[in-house]
Protein chains: 4
Amino acid sequence: MQRVAVIGASGYTGVELLRLLAAHPQAEIVAVTSRQYEGQSISRAFPSLSGFVDRDCESLDVQTIAARADVVFTALPHKSAMAVVPGFLKAGCKVVDLSADYRLHDQHIYEDWYQTHTSPELLEEAVYGLPELYRAQIVGACLVANPGCYPTSVALGLAPLLKERLVDHRSLIIDSKSGTTGAGRGLKEGSLYCEVNEGFKAYGIASHRHTPEIEQTLSQLAGEAVVVNFTPHLLPVDRGILSTIYAQQNSDLTTAELLECFGRYYVNEPFVRVLPEGQLPNIAHVRGTNLCDIGMVADARTGRVVVVSVIDNLCKGAAGQAVQNFNLMTGLDESAGLTMAPLFP
Amino acid sequence: MQRVAVIGASGYTGVELLRLLAAHPQAEIVAVTSRQYEGQSISRAFPSLSGFVDRDCESLDVQTIAARADVVFTALPHKSAMAVVPGFLKAGCKVVDLSADYRLHDQHIYEDWYQTHTSPELLEEAVYGLPELYRAQIVGACLVANPGCYPTSVALGLAPLLKERLVDHRSLIIDSKSGTTGAGRGLKEGSLYCEVNEGFKAYGIASHRHTPEIEQTLSQLAGEAVVVNFTPHLLPVDRGILSTIYAQQNSDLTTAELLECFGRYYVNEPFVRVLPEGQLPNIAHVRGTNLCDIGMVADARTGRVVVVSVIDNLCKGAAGQAVQNFNLMTGLDESAGLTMAPLFP
Amino acid sequence: MQRVAVIGASGYTGVELLRLLAAHPQAEIVAVTSRQYEGQSISRAFPSLSGFVDRDCESLDVQTIAARADVVFTALPHKSAMAVVPGFLKAGCKVVDLSADYRLHDQHIYEDWYQTHTSPELLEEAVYGLPELYRAQIVGACLVANPGCYPTSVALGLAPLLKERLVDHRSLIIDSKSGTTGAGRGLKEGSLYCEVNEGFKAYGIASHRHTPEIEQTLSQLAGEAVVVNFTPHLLPVDRGILSTIYAQQNSDLTTAELLECFGRYYVNEPFVRVLPEGQLPNIAHVRGTNLCDIGMVADARTGRVVVVSVIDNLCKGAAGQAVQNFNLMTGLDESAGLTMAPLFP
Amino acid sequence: MQRVAVIGASGYTGVELLRLLAAHPQAEIVAVTSRQYEGQSISRAFPSLSGFVDRDCESLDVQTIAARADVVFTALPHKSAMAVVPGFLKAGCKVVDLSADYRLHDQHIYEDWYQTHTSPELLEEAVYGLPELYRAQIVGACLVANPGCYPTSVALGLAPLLKERLVDHRSLIIDSKSGTTGAGRGLKEGSLYCEVNEGFKAYGIASHRHTPEIEQTLSQLAGEAVVVNFTPHLLPVDRGILSTIYAQQNSDLTTAELLECFGRYYVNEPFVRVLPEGQLPNIAHVRGTNLCDIGMVADARTGRVVVVSVIDNLCKGAAGQAVQNFNLMTGLDESAGLTMAPLFP
């Protein structure tokens with residue numbers, strides 16, 4: 001049994017971590033922190049957890065928590081995460097960090113898009129926690145940087161194409177749409193029900209902070225520097241990301257040939273489902289799970305391939321992938337605690 | 001390991017049964033029937049199930065299915081159910097019937113609200129599958145009539161009050177609101193997205209078929225004939241029923257005293273959560289689970305108590321309760337396969 | 001042409017007032033105030049208004065605004081409203097106040113449910129602005145207290161029954177459901193998209209501040225003191241209130257007889273639609289309009305009548321009714337600016 | 001006063017036409033046809049229209065309707081439209097056809113994407129009813145082919161760029177998202193509430209029938225043959241289309257320069273709002289209106305411009321634009337009946 005702590009439990013990602021860990025056969029939750037609800041039971045703040053996780057939220061004291069926990073999940077905003085992660089590592093904990101702080105290997109790029117990094121020495125050690133691409137490194141890691149939600153959907157949708165040089169990486173256009181949990185639980189007018197419901201908009205065009213993270217992974221896949229257009233949009237749903245990805249083909253493969261390539265690439269992956277020709281993914285079909293569904297169409301008229309990839313942003317895009325990484329880091333079955341079928345409808 | 005068959009798998013209740021049974025540690029799905037998708041994989045019709053339940057749908061042949069299955073879940077419309085349930089029983093299967101066909105003990109009442117009953121001899125044998133009230137009978141039963149969604153939310157919200165004579169049963173008013181999965185997957189204009197979304201309406205006032213079922217259970221609890229006002233409404237959400245129940249108190253108990261009574265009554269129930277004073281339930285907090293959350297307020301100005309009870313109509317209101325009954329009928333742990341925390345948000 | 005000012009334009013009610021007044025043939029918007037957006041164009045904050053109302057928001061200076069305006073709409077929270085309404089009246093403006101500050105005739109009741117009243121001398125002068133009941137007084141009024149959203153739906157649903165002594169007023173139970181604009185545009189966790197979406201809950205049971213307002217009107221209709229159970233709920237939709245009202249009949253009228261009575265009562269009302277037998281109202285069918293749709297069923301089994309009444313909470317429940325009152329106060333056609341058909345879907 | 005008939009009134013487009021025409025100061029509805037509701041009042045089928053349009057639906061008899069109507073709106077599926085449009089024209093009516101039957105000038109392209117054309121002789125005479133591009137021809141036309149919803153959003157988002165040769169037309173990628181009214185009111189599982197709600201998917205990749213219509217207009221703007229990637233998606237909202245359009249710039253214009261170009265191009269257009277730099281459009285801000293909002297960002301890193309264009313698919317994408325065309329064809333003020341501000345929220 002692994003003793004786990006969830007740091008920053010009162011965001012949507014934290015609550016999702018608790019939902020998954022409460023049902024995990026080899027995890028025991030030993031600490032839950034939240035500044036907002038300190039001293040209160042987390043299940044009073046989130047009644048869905050009542051009877052599942054009823055611990056009181058404590059303040060974030062690295063030493064006292066590290067003394068109890070084997071593995072720490074840090075579900076804090078960037079900048080707040082790097083204030084505590086080094087302490088947990090020093091105290092001997094393994095860390096799955098769900099913030100952006102250790103995702104970018106290049107300190108300068110991090111500082112261009114975020115702010116000064118206070119523990120750059122860890123950037124080399126940190127492993128980017130996308131198991132489908134970096135499983136081997138994750139297995140032995142002490143610090144795993146859990147990928148962003150958009151980057152996860154994009155990397156899985158493009159990996160076979162870039163790896164096998166099937167598309168021109170200069171042509172990549174990524175049009176992504178995310179459910180509103182992706183905007184977090186902070187109080188801002190744009191997150192109010194009546195501002196989101198029955199609405200739809202793009203935001204952060206050419207400036208979203210997931211751009212360099214996307215480009216880092218795609219560059220590693222392509223073997224050269226990749227620059228992309230990335231446009232996120234806000235969907236009036238709770239959960240789900242769908243990325244529609246456009247790429248110019250290097251040769252004229254058919255949809256069937258492309259699907260075959262994806263099928264081979266992901267043949268042993270427990271959480272990637274490549275859809276048969278004629279079927280396209282829907283965020284509703286992965287809800288609540290760690291799955292990534294991928295479909296595609298080759299457009300002979302334009303020579304482009306259109307890949308559609310969907311995940312649950314809170315699960316494969318955050319907490320579920322964190323549990324998958326936790327499983328790998330601690331030698332458990334990679335799927336432990338992640339085996340429920342999607343909630344549909 | 002129990003071998004189970006799901007008859008009528010292509011409705012929302014059938015799909016929910018498959019979701020739950022696929023994750024059940026002691027159930028093995030050996031047959032799935034659907035007229036609509038006969039010969040096709042159920043996961044092609046419902047891609048959420050892909051990788052979890054990939055069986056082909058077969059036609060409903062009682063003998064061949066009974067030869068393979070220990071327990072049969074019939075998720076058919078009323079009337080269709082009673083055409084096959086006697087056969088399954090005769091062939092030695094246990095049956096959890098999710099239709100209305102065996103819920104009413106009185107054949108005449110059934111025929112007043114539905115149509116001629118073709119196997120009235122089974123009405124006596126059938127056990128009404130609300131474990132919180134009828135657990136002992138369910139344990140030994142061969143045929144369990146799984147309760148309706150509205151009746152489940154109402155019976156659990158009123159049981160302690162009627163059992164302990166705390167309210168005047170002639171005063172009962174039940175105002176219920178259901179998510180749209182309750183309307184089924186049939187094609188009718190009223191179920192189209194744009195007819196439901198951003199709308200809200202009452203329907204079936206004074207005529208909904210769950211009325212006699214509600215009254216049957218409440219009458220047993222009260223020890224005399226109970227007649228109620230029951231008004232269902234259609235909510236623009238996928239899942240969830242909330243029943244707001246009004247009753248004149250016989251004495252002037254406070255909210256705290258009423259809650260204490262409920263707490264005692266449900267103290268050993270794994271799926272009922274009585275909320276603390278000042279907290280009211282929300283359908284979002286039980287989503288995807290077999291839980292029933294109950295809160296209440298005593299209104300000193302009018303002498304009435306207002307009870308609010310919520311369930312997931314597809315789960316505790318249908319498939320989840322069916323699995324709970326299955327567990328009881330087969331001697332398994334009552335909570336087996338039903339232990340996930342709710343999906344929130 | 002009437003010169004009008006909207007005080008507190010950045011709430012949902014304020015924005016709805018601007019939407020309606022921008023299209024009103026005899027109104028000219030001469031001032032718009034908002035503390036939050038002072039100095040900015042209201043259409044920058046609410047892009048829907050761009051090209052329709054592009055005025056800059058100004059600070060709330062009673063004198064300078066009164067000098068320009070004939071009629072002032074105060075769309076402020078209670079307490080803030082009574083800080084400015086007396087000044088506008090003194091300066092010669094007519095006022096439609098959309099807060100709760102002048103709705104209750106009895107200062108003590110107001111102070112029991114809200115707080116100290118700072119201009120109680122105006123309570124007698126203020127007219128309760130429900131035109132279907134108090135049209136004659138509104139016509140000559142200088143200060144109209146625009147009714148609350150819930151009370152509007154309830155009063156219109158019960159007026160004929162109480163007026164004609166058809167029901168026992170001690171039996172009244174009012175189960176109301178409101179869209180989320182009713183919760184306002186303030187920043188609170190409970191109003192976030194992911195907290196409301198796919199959820200449904202009751203709130204304020206036995207304690208909602210609209211209760212005394214409802215009882216005041218019903219008591220006037222009944223000719224004696226009426227006490228009710230009133231339970232509001234939060235619907236995951238933008239707009240709309242549906243009230244389901246239960247009352248014990250004094251005699252055994254049929255649905256048809258009750259509908260006939262309602263039809264007579266509202267025969268000349270431009271904004272009340274009594275639905276034919278067999279049809280029940282839906283909030284989606286009045287969206288964006290000043291209409292109130294009413295349907296009902298007599299339940300012979302219990303002797304109760306169930307009335308269902310729907311309005312758009314922002315329109316007939318707030319801004320639309322305010323414009324209707326404005327029309328009456330200024331001698332315009334009562335329907336001026338309120339003639340669009342509902343937006344469906 | 002123009003006498004108008006709405007043919008095919010029981011689809012969402014037909015109902016929207018009736019909503020707009022009922023409030024139109026110079027239109028009188030003289031006939032409403034619907035096969036589904038023949039002999040019933042249209043307001044019984046669509047209670048939102050009660051009191052606004054209460055005519056009985058009649059069968060589609062060209063002669064008797066043509067005898068009463070000056071202008072006919074045909075809101076029929078493609079193929080059904082061309083069966084009646086020639087008759088109405090011959091009988092002397094002006095026709096605004098909302099189907100696809102007369103939108104494509106080239107009979108062969110029509111027949112490649114649809115089916116045999118039965119009145120190809122009218123293709124030359126028909127004017128493509130996008131007033132912002134073809135106003136002069138619409139003014140004198142007898143037959144206007146009202147544009148598709150997606151093509152409208154795309155053409156308005158790209159016109160200035162192509163007209164002024166600012167982008168490479170071979171690079172065009174159009175990622176569009178539509179509300180569910182766009183799927184029509186026909187009964188299919190994919191349009192059920194629970195299949196759409198909380199879901200999001202792409203469909204018709206590389207094969208949607210709006211593709212040739214989009215390419216026809218863009219080719220005329222560019223002065224040479226344009227081929228595009230067009231991917232539609234289904235949004236869980238009632239109304240609204242948002243198109244995100246990617247194009248490689250020919251020079252390196254900034255966002256401000258591009259916006260200035262759009263501002264000039266649309267300076268006199270009553271229904272196009274070009275948003276200031278830093279603001280992006282939202283479908284919620286045009287709801288219920290004939291407006292098209294356009295925003296954009298130049299991405300210096302990739303040399304592409306990303307244009308976002310939104311309309312209400314039922315209004316500017318169908319019925320509203322039809323009324324705009326009607327106004328132009330009959331010499332009325334182009335904005336008559338189309339002046340309400342958007343319904344927000």
# chains A, B, ... in the order shown; residues from 1 in each chain; ligands from 1
>>> select_by_dssp(residues="stretch 261-290 of chain A", states="strand (DSSP E or B)", output="PyMOL selection string")
chain A and resi 272-274+282
>>> write_last_selection(atoms="N, CA and C atoms", output="PDB file, in the first residue's frame")
ATOM      1  N   VAL A 272      -5.235   4.036 -24.987  1.00  0.00           N
ATOM      2  CA  VAL A 272      -5.461   4.684 -26.284  1.00  0.00           C
ATOM      3  C   VAL A 272      -6.343   3.777 -27.134  1.00  0.00           C
ATOM      4  N   ARG A 273      -7.445   4.345 -27.611  1.00  0.00           N
ATOM      5  CA  ARG A 273      -8.322   3.591 -28.508  1.00  0.00           C
ATOM      6  C   ARG A 273      -8.305   4.260 -29.884  1.00  0.00           C
ATOM      7  N   VAL A 274      -7.809   3.549 -30.877  1.00  0.00           N
ATOM      8  CA  VAL A 274      -7.832   4.072 -32.244  1.00  0.00           C
ATOM      9  C   VAL A 274      -9.140   3.621 -32.880  1.00  0.00           C
ATOM     10  N   ASN A 282     -15.783  11.331 -29.645  1.00  0.00           N
ATOM     11  CA  ASN A 282     -16.662  12.287 -28.976  1.00  0.00           C
ATOM     12  C   ASN A 282     -16.202  12.353 -27.522  1.00  0.00           C
TER      13      ASN A 282
END
>>> interface_residues(of="chain D", to="chain C", cutoff="8 Å", atoms="only C-alpha atoms", output="PyMOL selection string")
chain D and resi 12+15-16+19-20+22-23+47-49+52+181+238-239+284-286+288+339-345
>>> write_last_selection(atoms="N, CA and C atoms", output="mmCIF file, in the first residue's frame")
data_model
loop_
_atom_site.group_PDB
_atom_site.id
_atom_site.type_symbol
_atom_site.label_atom_id
_atom_site.label_comp_id
_atom_site.auth_asym_id
_atom_site.auth_seq_id
_atom_site.Cartn_x
_atom_site.Cartn_y
_atom_site.Cartn_z
ATOM 1 N N TYR D 12 -36.741 24.060 -37.539
ATOM 2 C CA TYR D 12 -36.263 25.169 -36.713
ATOM 3 C C TYR D 12 -36.094 26.446 -37.528
ATOM 4 N N VAL D 15 -39.633 27.976 -38.039
ATOM 5 C CA VAL D 15 -40.126 28.617 -36.820
ATOM 6 C C VAL D 15 -39.408 29.943 -36.580
ATOM 7 N N GLU D 16 -38.114 29.974 -36.892
ATOM 8 C CA GLU D 16 -37.360 31.227 -36.726
ATOM 9 C C GLU D 16 -37.856 32.287 -37.722
ATOM 10 N N ARG D 19 -40.972 33.677 -36.237
ATOM 11 C CA ARG D 19 -40.654 34.584 -35.138
ATOM 12 C C ARG D 19 -40.274 35.967 -35.668
ATOM 13 N N LEU D 20 -39.443 35.985 -36.695
ATOM 14 C CA LEU D 20 -38.975 37.265 -37.217
ATOM 15 C C LEU D 20 -40.060 37.983 -38.012
ATOM 16 N N ALA D 22 -43.263 37.690 -37.744
ATOM 17 C CA ALA D 22 -44.373 38.151 -36.901
ATOM 18 C C ALA D 22 -44.107 39.554 -36.368
ATOM 19 N N ALA D 23 -42.841 39.899 -36.217
ATOM 20 C CA ALA D 23 -42.487 41.215 -35.682
ATOM 21 C C ALA D 23 -42.067 42.186 -36.775
ATOM 22 N N PRO D 47 -45.595 26.235 -29.099
ATOM 23 C CA PRO D 47 -46.328 27.148 -28.212
ATOM 24 C C PRO D 47 -45.652 28.499 -28.028
ATOM 25 N N SER D 48 -44.358 28.588 -28.337
ATOM 26 C CA SER D 48 -43.711 29.899 -28.250
ATOM 27 C C SER D 48 -44.409 30.901 -29.158
ATOM 28 N N LEU D 49 -44.992 30.429 -30.259
ATOM 29 C CA LEU D 49 -45.611 31.328 -31.233
ATOM 30 C C LEU D 49 -47.042 31.711 -30.883
ATOM 31 N N PHE D 52 -48.758 35.036 -31.494
ATOM 32 C CA PHE D 52 -47.968 35.741 -32.504
ATOM 33 C C PHE D 52 -48.298 35.234 -33.910
ATOM 34 N N THR D 181 -29.297 23.202 -33.378
ATOM 35 C CA THR D 181 -30.388 23.492 -34.301
ATOM 36 C C THR D 181 -29.942 23.269 -35.741
ATOM 37 N N ASP D 238 -27.930 25.424 -28.345
ATOM 38 C CA ASP D 238 -29.018 25.507 -29.310
ATOM 39 C C ASP D 238 -28.597 26.225 -30.593
ATOM 40 N N ARG D 239 -28.013 27.405 -30.420
ATOM 41 C CA ARG D 239 -27.764 28.299 -31.550
ATOM 42 C C ARG D 239 -26.327 28.782 -31.574
ATOM 43 N N ALA D 284 -22.525 33.559 -27.923
ATOM 44 C CA ALA D 284 -23.555 34.068 -27.014
ATOM 45 C C ALA D 284 -23.859 35.549 -27.259
ATOM 46 N N HIS D 285 -22.966 36.244 -27.914
ATOM 47 C CA HIS D 285 -23.142 37.693 -28.071
ATOM 48 C C HIS D 285 -23.910 38.085 -29.321
ATOM 49 N N VAL D 286 -24.290 37.111 -30.127
ATOM 50 C CA VAL D 286 -25.105 37.421 -31.314
ATOM 51 C C VAL D 286 -26.441 36.670 -31.293
ATOM 52 N N GLY D 288 -29.911 35.211 -31.417
ATOM 53 C CA GLY D 288 -31.217 35.717 -31.803
ATOM 54 C C GLY D 288 -31.172 36.851 -32.808
ATOM 55 N N THR D 339 -33.858 44.442 -35.862
ATOM 56 C CA THR D 339 -33.138 45.455 -35.082
ATOM 57 C C THR D 339 -32.999 45.149 -33.595
ATOM 58 N N MET D 340 -33.503 44.019 -33.113
ATOM 59 C CA MET D 340 -33.368 43.707 -31.691
ATOM 60 C C MET D 340 -31.916 43.423 -31.322
ATOM 61 N N ALA D 341 -31.532 43.807 -30.118
ATOM 62 C CA ALA D 341 -30.206 43.448 -29.604
ATOM 63 C C ALA D 341 -30.190 41.964 -29.243
ATOM 64 N N PRO D 342 -28.999 41.365 -29.218
ATOM 65 C CA PRO D 342 -28.899 39.932 -28.885
ATOM 66 C C PRO D 342 -29.443 39.623 -27.491
ATOM 67 N N LEU D 343 -29.914 38.407 -27.338
ATOM 68 C CA LEU D 343 -30.395 37.930 -26.044
ATOM 69 C C LEU D 343 -29.211 37.379 -25.261
ATOM 70 N N PHE D 344 -28.748 38.169 -24.307
ATOM 71 C CA PHE D 344 -27.641 37.702 -23.460
ATOM 72 C C PHE D 344 -27.979 37.959 -22.020
ATOM 73 N N PRO D 345 -27.797 37.042 -21.080
ATOM 74 C CA PRO D 345 -27.398 35.661 -21.401
ATOM 75 C C PRO D 345 -28.613 34.921 -21.999
#
>>> atom_distance(atom1="atom CA of A:Pro151", atom2="atom CA of D:Ala202")
19.2 Å
>>> residues_around(residues="stretch 244-254 of chain A", least_positions_apart="2", cutoff="6 Å", atoms="only C-alpha atoms", output="list in words")
Leu166, Val167, Asp168, Ser171, Leu172, Ile173, Ile174, Asp175, Ala256, Glu257, Ala298, Gly303, Arg304, Val305, Val306, Val307 and Val308 of chain A
>>> write_last_selection(atoms="N, CA and C atoms", output="compact mmCIF listing (two decimals), in the first residue's frame")
# COMPACT_ATOMS: atom_id res chain seq x y z
N LEU A 166 5.38 11.10 -41.52
CA LEU A 166 4.29 11.05 -42.49
C LEU A 166 3.74 12.42 -42.84
N VAL A 167 4.06 13.41 -42.03
CA VAL A 167 3.54 14.75 -42.30
C VAL A 167 4.64 15.79 -42.20
N ASP A 168 4.35 16.93 -42.81
CA ASP A 168 5.28 18.07 -42.78
C ASP A 168 5.01 18.86 -41.50
N SER A 171 3.48 22.39 -41.16
CA SER A 171 2.09 22.65 -41.56
C SER A 171 1.10 22.46 -40.41
N LEU A 172 1.60 22.21 -39.22
CA LEU A 172 0.69 21.78 -38.14
C LEU A 172 -0.21 22.90 -37.62
N ILE A 173 -1.49 22.63 -37.65
CA ILE A 173 -2.47 23.55 -37.08
C ILE A 173 -3.34 22.76 -36.11
N ILE A 174 -3.42 23.28 -34.89
CA ILE A 174 -4.09 22.54 -33.82
C ILE A 174 -5.23 23.39 -33.27
N ASP A 175 -6.42 22.92 -33.50
CA ASP A 175 -7.61 23.64 -33.06
C ASP A 175 -8.23 22.83 -31.93
N ALA A 256 -7.36 4.57 -44.24
CA ALA A 256 -7.13 3.22 -43.74
C ALA A 256 -5.65 2.99 -43.44
N GLU A 257 -4.79 3.48 -44.31
CA GLU A 257 -3.35 3.30 -44.09
C GLU A 257 -2.88 4.07 -42.85
N ALA A 298 -8.18 11.19 -44.04
CA ALA A 298 -7.27 11.77 -45.02
C ALA A 298 -8.10 12.50 -46.07
N GLY A 303 -4.69 16.98 -49.66
CA GLY A 303 -3.45 16.33 -49.27
C GLY A 303 -3.18 16.40 -47.78
N ARG A 304 -4.17 16.87 -47.03
CA ARG A 304 -3.96 16.96 -45.58
C ARG A 304 -4.62 15.78 -44.87
N VAL A 305 -4.13 15.49 -43.68
CA VAL A 305 -4.83 14.56 -42.81
C VAL A 305 -5.40 15.37 -41.66
N VAL A 306 -6.61 15.00 -41.26
CA VAL A 306 -7.26 15.65 -40.13
C VAL A 306 -7.40 14.60 -39.03
N VAL A 307 -6.68 14.82 -37.92
CA VAL A 307 -6.73 13.90 -36.79
C VAL A 307 -7.59 14.51 -35.69
N VAL A 308 -8.45 13.70 -35.11
CA VAL A 308 -9.25 14.19 -33.99
C VAL A 308 -8.93 13.31 -32.78
>>> atom_distance(atom1="atom CA of D:Pro236", atom2="atom CA of D:Gly186")
16.8 Å
>>> atom_distance(atom1="atom CA of B:Gly14", atom2="atom CA of B:Leu192")
20.2 Å
>>> residues_around(residues="stretch 67-76 of chain C", least_positions_apart="4", cutoff="10 Å", atoms="only C-alpha atoms", output="ChimeraX atom specification")
/C:1-15,17,27-34,62-63,80-85,88-89,91-101,142-146,318-319,322-323,326,329-330
>>> residues_around(residues="C:Pro131", least_positions_apart="6", cutoff="10 Å", atoms="only C-alpha atoms", output="list in words")
Gln137, Ile138, Val139, Asn146, Glu269, Gln321, Gln324, Asn325, Leu328 and Glu334 of chain C
>>> residues_around(residues="D:Gly240", least_positions_apart="4", cutoff="6 Å", atoms="only C-alpha atoms", output="list in words")
Ser178, Gly179, Ile283, Ile311, Asp312 and Asn313 of chain D
>>> write_last_selection(atoms="all heavy atoms", output="short mmCIF file (atom, residue, chain, number, x, y, z; two decimals), in the first residue's frame")
data_model
loop_
_atom_site.label_atom_id
_atom_site.label_comp_id
_atom_site.auth_asym_id
_atom_site.auth_seq_id
_atom_site.Cartn_x
_atom_site.Cartn_y
_atom_site.Cartn_z
N SER D 178 -20.88 24.19 -34.78
CA SER D 178 -22.27 24.64 -34.90
C SER D 178 -23.14 24.17 -33.75
O SER D 178 -22.99 23.04 -33.26
CB SER D 178 -22.88 24.11 -36.20
OG SER D 178 -24.28 24.39 -36.24
N GLY D 179 -24.06 25.00 -33.35
CA GLY D 179 -25.10 24.60 -32.41
C GLY D 179 -26.01 23.54 -33.02
O GLY D 179 -26.02 23.32 -34.24
N ILE D 283 -20.33 33.13 -29.52
CA ILE D 283 -21.66 32.93 -30.11
C ILE D 283 -22.77 33.50 -29.23
O ILE D 283 -23.82 33.89 -29.72
CB ILE D 283 -21.95 31.43 -30.40
CG1 ILE D 283 -21.80 30.57 -29.15
CG2 ILE D 283 -21.09 30.91 -31.52
CD1 ILE D 283 -22.33 29.15 -29.32
N ILE D 311 -21.82 33.68 -35.91
CA ILE D 311 -23.19 34.09 -36.24
C ILE D 311 -24.15 33.21 -35.43
O ILE D 311 -23.75 32.24 -34.82
CB ILE D 311 -23.50 33.90 -37.75
CG1 ILE D 311 -23.29 32.41 -38.17
CG2 ILE D 311 -22.63 34.81 -38.61
CD1 ILE D 311 -23.77 32.09 -39.58
N ASP D 312 -25.40 33.60 -35.43
CA ASP D 312 -26.47 32.70 -34.97
C ASP D 312 -26.88 31.91 -36.21
O ASP D 312 -27.37 32.47 -37.20
CB ASP D 312 -27.64 33.54 -34.43
CG ASP D 312 -28.79 32.66 -33.94
OD1 ASP D 312 -29.03 31.58 -34.51
OD2 ASP D 312 -29.47 33.07 -32.98
N ASN D 313 -26.67 30.61 -36.18
CA ASN D 313 -26.90 29.79 -37.38
C ASN D 313 -28.34 29.86 -37.87
O ASN D 313 -28.61 29.76 -39.05
CB ASN D 313 -26.51 28.33 -37.13
CG ASN D 313 -27.31 27.69 -36.02
OD1 ASN D 313 -27.27 28.19 -34.89
ND2 ASN D 313 -28.04 26.63 -36.32
#
>>> residues_around(residues="D:Asn290", least_positions_apart="3", cutoff="6 Å", atoms="only C-alpha atoms", output="number ranges by chain")
D: 315-316, 320
>>> select_by_dssp(residues="stretch 44-260 of chain B", states="alpha helix (DSSP H)", output="ChimeraX atom specification")
/B:44-45,62-68,85-90,107-113,131-139,149-163,193-196,210-222,255-260
>>> decode(residues="stretch 147-181 of chain B", atoms="C-alpha atoms", output="compact mmCIF listing (two decimals), in the first residue's frame")
# COMPACT_ATOMS: atom_id res chain seq x y z
CA PRO B 147 -38.02 -0.25 -8.47
CA GLY B 148 -38.76 2.75 -10.63
CA CYS B 149 -36.46 5.75 -10.42
CA TYR B 150 -38.98 8.22 -8.98
CA PRO B 151 -40.36 5.67 -6.47
CA THR B 152 -36.86 4.94 -5.19
CA SER B 153 -36.15 8.59 -4.45
CA VAL B 154 -39.54 9.02 -2.79
CA ALA B 155 -39.56 5.87 -0.67
CA LEU B 156 -36.10 6.57 0.75
CA GLY B 157 -37.05 10.18 1.46
CA LEU B 158 -40.20 9.23 3.34
CA ALA B 159 -39.55 5.86 5.00
CA PRO B 160 -38.45 7.09 8.44
CA LEU B 161 -41.23 9.68 8.57
CA LEU B 162 -44.00 7.22 7.78
CA LYS B 163 -42.55 4.31 9.71
CA GLU B 164 -42.36 6.41 12.84
CA ARG B 165 -45.69 8.15 12.26
CA LEU B 166 -44.07 11.57 12.22
CA VAL B 167 -46.21 12.96 9.42
CA ASP B 168 -49.81 12.91 8.25
CA HIS B 169 -49.81 10.70 5.18
CA ARG B 170 -52.85 12.49 3.71
CA SER B 171 -50.75 15.61 3.30
CA LEU B 172 -48.03 14.17 1.06
CA ILE B 173 -47.04 16.21 -1.96
CA ILE B 174 -44.16 15.00 -4.09
CA ASP B 175 -42.58 17.32 -6.60
CA SER B 176 -39.95 15.39 -8.57
CA LYS B 177 -37.50 16.42 -11.25
CA SER B 178 -35.69 13.96 -13.49
CA GLY B 179 -32.79 14.12 -15.89
CA THR B 180 -33.48 13.31 -19.52
CA THR B 181 -32.05 9.78 -19.57
